[in-house]
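Working notes, beginning with the structure itself.
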Amino acid sequence: MTAQLSEVDLEHHFEHTIEHDQRIEPRDWMPDGYRKTMIRQIAQHAHSEIIGMQPEGNWITRAPSLRRKAILLAKVQDEAGHGLYLYSAAETLGVDRADLTERLIAGKQKYSSIFNYPTLSFADVGVVGWLVDGAAICNQVPLCRSSYGPYARAMIRICKEESFHQRQGFELLTMMMRGTDAQRQMVQDATNRWWWPSLMMFGPPDADSPNTAQSMAWKVKRHTNDELRQRFVDMSVPQAEALGVTFPDPDLKWNPGRGHYDFGEIDWAEFKEILRGNGPCNAERIAHRKQAHDEGAWVREAAAAHAAKQRDKELAA
Amino acid sequence: MSTHDWPLYEVFVRSKRGLNHVHVGSLHAADDAMAVHNARDVYTRRNEGVSIWVVKAADITASSPDEKDPFFAPSADKVYRHPTFYDIPDDVPHM
Ligand SMILES: [Fe+2]
Ligand SMILES: [Fe+2]
């Protein structure tokens, strides 16, 4: 046995681990603030994956071909898997997955603002894959190096799967662009509706993001919101050109001095309204999640009853 | 009744013949059979595995609360367990 380490020693050891780009593992000592931040970040991310199944799930029964239906099913199933990897990572911090689900349904924990917009046409399925999963990839690739080990490992699995999501979306749009004028119009319309919300996915501007400095110091965040947003804009413009659509921003243009695209002001009032619960689909998303949870209750009960019966049989044998 | 009552299982996957099972994550299930089933659906959607182990997290005995611990000190101070500890003349072949 060794003597009990003092709080100062533990904190020093924690900081030393992070400084040397080593990972924090579940049973390590960590400051309360770090634990709370990680629980909030991972839970919010898990909820986003789960709620994120709804906008696209909306189109599974109406996919225009068996091929598209199979692809869309696989993608939505992946998002369920992503949610589960992340709930699993959150549980290593001492929270319970069932509690997190209850907190989501009660509106006590957030999920990404993007999933509060409706998917109005099948072109939306393509644009969500291209832009929404594209923005998610931008956000998530640096998180593969998050200082919290279980989160970083979950992100590596997720990033491997996201590439299919973005590519299927882009391919779908490419096919529609080769179709009729009406189909091209659908793609442009969906692009117009999803562009700004996609830029909001990176969160408030750096000046308005008070937690960023601490998160960067803890290496749970590797780039600021504005850095990642800029990276996403720079990546997306040539993709839009290849596709033959435009983004709804008259200020979007290449700035040779900066070596980046300039873009217009984001409507942060709209973003804040959505976070307050007043987006077009907030109520619907939570109601649907609650309904799915309630309607699944009998399955959970039956599984538990079956498990108890099997246990009794084993004991009797 | 909720999944509160379902035990936590840790999941280990052998990705292909010749390799060890590796820990990939965890899940909740009502019983062992359901845990294996769910592990397949959650962790091997793209041929990531040829074999799955699940074990109740409560049944795992671990070394200590901390990954850096005096428990491992005995292996740190035995440099003579490593081949580089020994000086061999450069002109001796195959060693
Ligand atoms: Fe995902
Ligand atoms: Fe995705």
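Residues in the structure tokens are numbered from 1 in each chain, the chains being A, B, ... in the order shown, and ligands are numbered from 1 in the order shown.
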Task: Contacts of stretch 233-238 of chain A at 10 Å (only C-alpha atoms; same-chain gap of 6+ positions) as a PyMOL selection string - done: chain A and resi 130-131+134-135+138+195+198-199+244-247+252-254+259-263
- [ ] Set the cut-off to 6 Å, count only C-alpha atoms and all ligand atoms, and list whatever residues fall near ligand 1 as a ChimeraX atom specification.
- [x] /A:49,79,82
How would you report the residues lying within 6 Å of ligand 2, as a PDB file with C-alpha atoms, in the first residue's frame, if you count only C-alpha atoms and all ligand atoms?
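Below is the file pocket-v1.pdb, written as the result:
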```
ATOM      1  CA  GLU A  79     -26.351   6.755 -36.320  1.00  0.00           C
ATOM      2  CA  ASP A 133     -22.462  14.736 -42.056  1.00  0.00           C
ATOM      3  CA  GLU A 162     -19.070   8.839 -41.412  1.00  0.00           C
ATOM      4  CA  HIS A 165     -22.567   8.877 -44.946  1.00  0.00           C
TER       5      HIS A 165
END
```
Open item on the list: Report, in Å to a single decimal, how far apart atom CA of B:Asp31 and atom CA of A:Lys313 are.
Closed with: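 About the pair atom CA of A:Lys313 and atom CA of B:Asp31: they are 13.5 Å apart.
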Give me, as CSV, each residue of chain A that comes within 7 Å of chain B, together with its shortest interatomic pair and the distance in Å at one decimal, counting only C-alpha atoms, with rows ordered by chain and rising residue number.
```
residue,atom,partner,partner_atom,distance
A:Arg27,CA,B:Pro65,CA,5.1
A:Asp28,CA,B:Asp66,CA,4.8
A:Gly81,CA,B:Val42,CA,5.4
A:Tyr85,CA,B:Gly25,CA,6.9
A:Ser88,CA,B:Ser26,CA,5.6
A:Ala98,CA,B:His4,CA,5.9
A:Arg300,CA,B:Ser2,CA,6.7
A:Glu301,CA,B:Met1,CA,6.1
A:Ala303,CA,B:Ala30,CA,6.0
A:Ala304,CA,B:Ala30,CA,5.4
A:Ala307,CA,B:Asp31,CA,5.6
```
TODO: Could you give me, as a list in words, the residues within 12 Å of A:Pro31, counting only C-alpha atoms and dropping anything in the same chain fewer than 3 positions from it?
DONE: Glu7, Val8, Asp9, Leu10, Glu11, His12, His13, Phe14, Glu15, Ile24, Asp28, Tyr34, Arg35, Lys36, Thr37, Met38, Leu93 and Trp218 of chain A
Output file for the selection above: N, CA, C and O atoms, as a PDB file, in the first residue's frame:
```pdb
ATOM      1  N   GLU A   7      -4.526  15.889  -3.027  1.00  0.00           N
ATOM      2  CA  GLU A   7      -5.268  16.457  -4.149  1.00  0.00           C
ATOM      3  C   GLU A   7      -4.327  17.176  -5.119  1.00  0.00           C
ATOM      4  O   GLU A   7      -4.461  17.079  -6.328  1.00  0.00           O
ATOM      5  N   VAL A   8      -3.347  17.892  -4.553  1.00  0.00           N
ATOM      6  CA  VAL A   8      -2.405  18.638  -5.388  1.00  0.00           C
ATOM      7  C   VAL A   8      -1.581  17.682  -6.256  1.00  0.00           C
ATOM      8  O   VAL A   8      -1.385  17.910  -7.450  1.00  0.00           O
ATOM      9  N   ASP A   9      -1.123  16.585  -5.654  1.00  0.00           N
ATOM     10  CA  ASP A   9      -0.360  15.586  -6.422  1.00  0.00           C
ATOM     11  C   ASP A   9      -1.203  15.011  -7.546  1.00  0.00           C
ATOM     12  O   ASP A   9      -0.741  14.837  -8.674  1.00  0.00           O
ATOM     13  N   LEU A  10      -2.444  14.697  -7.212  1.00  0.00           N
ATOM     14  CA  LEU A  10      -3.344  14.101  -8.206  1.00  0.00           C
ATOM     15  C   LEU A  10      -3.568  15.063  -9.365  1.00  0.00           C
ATOM     16  O   LEU A  10      -3.529  14.679 -10.527  1.00  0.00           O
ATOM     17  N   GLU A  11      -3.801  16.317  -9.020  1.00  0.00           N
ATOM     18  CA  GLU A  11      -4.044  17.323 -10.042  1.00  0.00           C
ATOM     19  C   GLU A  11      -2.802  17.491 -10.918  1.00  0.00           C
ATOM     20  O   GLU A  11      -2.891  17.609 -12.140  1.00  0.00           O
ATOM     21  N   HIS A  12      -1.653  17.457 -10.279  1.00  0.00           N
ATOM     22  CA  HIS A  12      -0.404  17.591 -11.008  1.00  0.00           C
ATOM     23  C   HIS A  12      -0.230  16.421 -11.984  1.00  0.00           C
ATOM     24  O   HIS A  12       0.125  16.598 -13.143  1.00  0.00           O
ATOM     25  N   HIS A  13      -0.523  15.236 -11.503  1.00  0.00           N
ATOM     26  CA  HIS A  13      -0.413  14.035 -12.328  1.00  0.00           C
ATOM     27  C   HIS A  13      -1.368  14.120 -13.522  1.00  0.00           C
ATOM     28  O   HIS A  13      -1.008  13.808 -14.666  1.00  0.00           O
ATOM     29  N   PHE A  14      -2.587  14.599 -13.273  1.00  0.00           N
ATOM     30  CA  PHE A  14      -3.595  14.775 -14.324  1.00  0.00           C
ATOM     31  C   PHE A  14      -3.083  15.749 -15.390  1.00  0.00           C
ATOM     32  O   PHE A  14      -3.114  15.454 -16.597  1.00  0.00           O
ATOM     33  N   GLU A  15      -2.576  16.886 -14.932  1.00  0.00           N
ATOM     34  CA  GLU A  15      -2.117  17.897 -15.895  1.00  0.00           C
ATOM     35  C   GLU A  15      -0.898  17.425 -16.680  1.00  0.00           C
ATOM     36  O   GLU A  15      -0.758  17.695 -17.869  1.00  0.00           O
ATOM     37  N   ILE A  24      -6.485  10.434 -20.685  1.00  0.00           N
ATOM     38  CA  ILE A  24      -7.080  10.199 -19.371  1.00  0.00           C
ATOM     39  C   ILE A  24      -7.991   8.983 -19.514  1.00  0.00           C
ATOM     40  O   ILE A  24      -8.781   8.902 -20.450  1.00  0.00           O
ATOM     41  N   ASP A  28      -8.848   6.979 -13.720  1.00  0.00           N
ATOM     42  CA  ASP A  28      -7.904   8.011 -13.274  1.00  0.00           C
ATOM     43  C   ASP A  28      -8.615   9.061 -12.435  1.00  0.00           C
ATOM     44  O   ASP A  28      -9.801   9.337 -12.650  1.00  0.00           O
ATOM     45  N   TYR A  34     -13.598  18.766 -15.195  1.00  0.00           N
ATOM     46  CA  TYR A  34     -13.280  17.962 -16.373  1.00  0.00           C
ATOM     47  C   TYR A  34     -14.332  16.861 -16.546  1.00  0.00           C
ATOM     48  O   TYR A  34     -14.876  16.667 -17.629  1.00  0.00           O
ATOM     49  N   ARG A  35     -14.647  16.181 -15.452  1.00  0.00           N
ATOM     50  CA  ARG A  35     -15.648  15.106 -15.512  1.00  0.00           C
ATOM     51  C   ARG A  35     -16.994  15.661 -15.990  1.00  0.00           C
ATOM     52  O   ARG A  35     -17.616  15.110 -16.899  1.00  0.00           O
ATOM     53  N   LYS A  36     -17.403  16.788 -15.404  1.00  0.00           N
ATOM     54  CA  LYS A  36     -18.692  17.380 -15.785  1.00  0.00           C
ATOM     55  C   LYS A  36     -18.713  17.799 -17.250  1.00  0.00           C
ATOM     56  O   LYS A  36     -19.680  17.570 -17.963  1.00  0.00           O
ATOM     57  N   THR A  37     -17.613  18.428 -17.683  1.00  0.00           N
ATOM     58  CA  THR A  37     -17.519  18.865 -19.078  1.00  0.00           C
ATOM     59  C   THR A  37     -17.615  17.672 -20.014  1.00  0.00           C
ATOM     60  O   THR A  37     -18.329  17.700 -21.012  1.00  0.00           O
ATOM     61  N   MET A  38     -16.884  16.595 -19.690  1.00  0.00           N
ATOM     62  CA  MET A  38     -16.895  15.424 -20.568  1.00  0.00           C
ATOM     63  C   MET A  38     -18.277  14.772 -20.593  1.00  0.00           C
ATOM     64  O   MET A  38     -18.745  14.361 -21.642  1.00  0.00           O
ATOM     65  N   LEU A  93     -17.813   7.490 -17.136  1.00  0.00           N
ATOM     66  CA  LEU A  93     -17.619   8.629 -16.236  1.00  0.00           C
ATOM     67  C   LEU A  93     -18.569   8.574 -15.045  1.00  0.00           C
ATOM     68  O   LEU A  93     -18.643   9.517 -14.259  1.00  0.00           O
ATOM     69  N   TRP A 218      -7.697  21.600 -21.684  1.00  0.00           N
ATOM     70  CA  TRP A 218      -7.878  20.187 -21.316  1.00  0.00           C
ATOM     71  C   TRP A 218      -7.748  19.256 -22.516  1.00  0.00           C
ATOM     72  O   TRP A 218      -7.857  18.049 -22.396  1.00  0.00           O
TER      73      TRP A 218
END
```
Open item on the list: Among stretch 1-41 of chain B, which ones does DSSP assign to strand (DSSP E) (computed from the backbone)? Answer as a count of residues only.
Closed with: 15
- [ ] Give me, please, the distance in Å between atom CA of A:Gly52 and atom CA of A:Met176, quoted to one decimal.
- [x]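 Taking atom CA of A:Gly52 as the start and atom CA of A:Met176 as the end point, the length is 23.4 Å.
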Open item on the list: To one decimal place in Å, what is the distance between atom CA of A:Val95 and atom CA of A:Ile39?
Closed with: 7.8 Å
Task: Exercise: A:His47 partners within 8 Å, only C-alpha atoms, chain neighbours under 2 positions left out, as an NGL selection string - done: :A and (43-45 or 49-51 or 83 or 101 or 104 or 110-111)
Selection above as a file: C-alpha atoms, as a compact mmCIF listing (two decimals), in the first residue's frame:
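Result file follows (again21.txt):
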```txt
# COMPACT_ATOMS: atom_id res chain seq x y z
CA ALA A 43 -24.10 13.01 -23.63
CA GLN A 44 -24.97 15.91 -25.93
CA HIS A 45 -23.11 14.18 -28.74
CA GLU A 49 -26.74 10.88 -32.98
CA ILE A 50 -30.01 9.42 -31.67
CA ILE A 51 -32.21 12.42 -32.50
CA GLY A 83 -25.30 7.00 -30.16
CA THR A 101 -32.24 9.15 -22.01
CA LEU A 104 -33.02 14.09 -22.99
CA LYS A 110 -29.36 19.32 -25.41
CA TYR A 111 -28.63 17.86 -28.81
```
- [ ] Could you tell me which of A:Gly169, A:Tyr151, A:Glu91, A:Gly264 comes closest to B:Tyr9 if we count only C-alpha atoms?
- [x]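 Among the listed residues, the smallest separation from B:Tyr9 belongs to A:Glu91.
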- [ ] For A:Phe164, work out the shell of residues within 10 Å, counting only C-alpha atoms and skipping chain neighbours fewer than 6 positions away, then give it as a ChimeraX atom specification.
- [x] /A:71,74-75,129,133,170
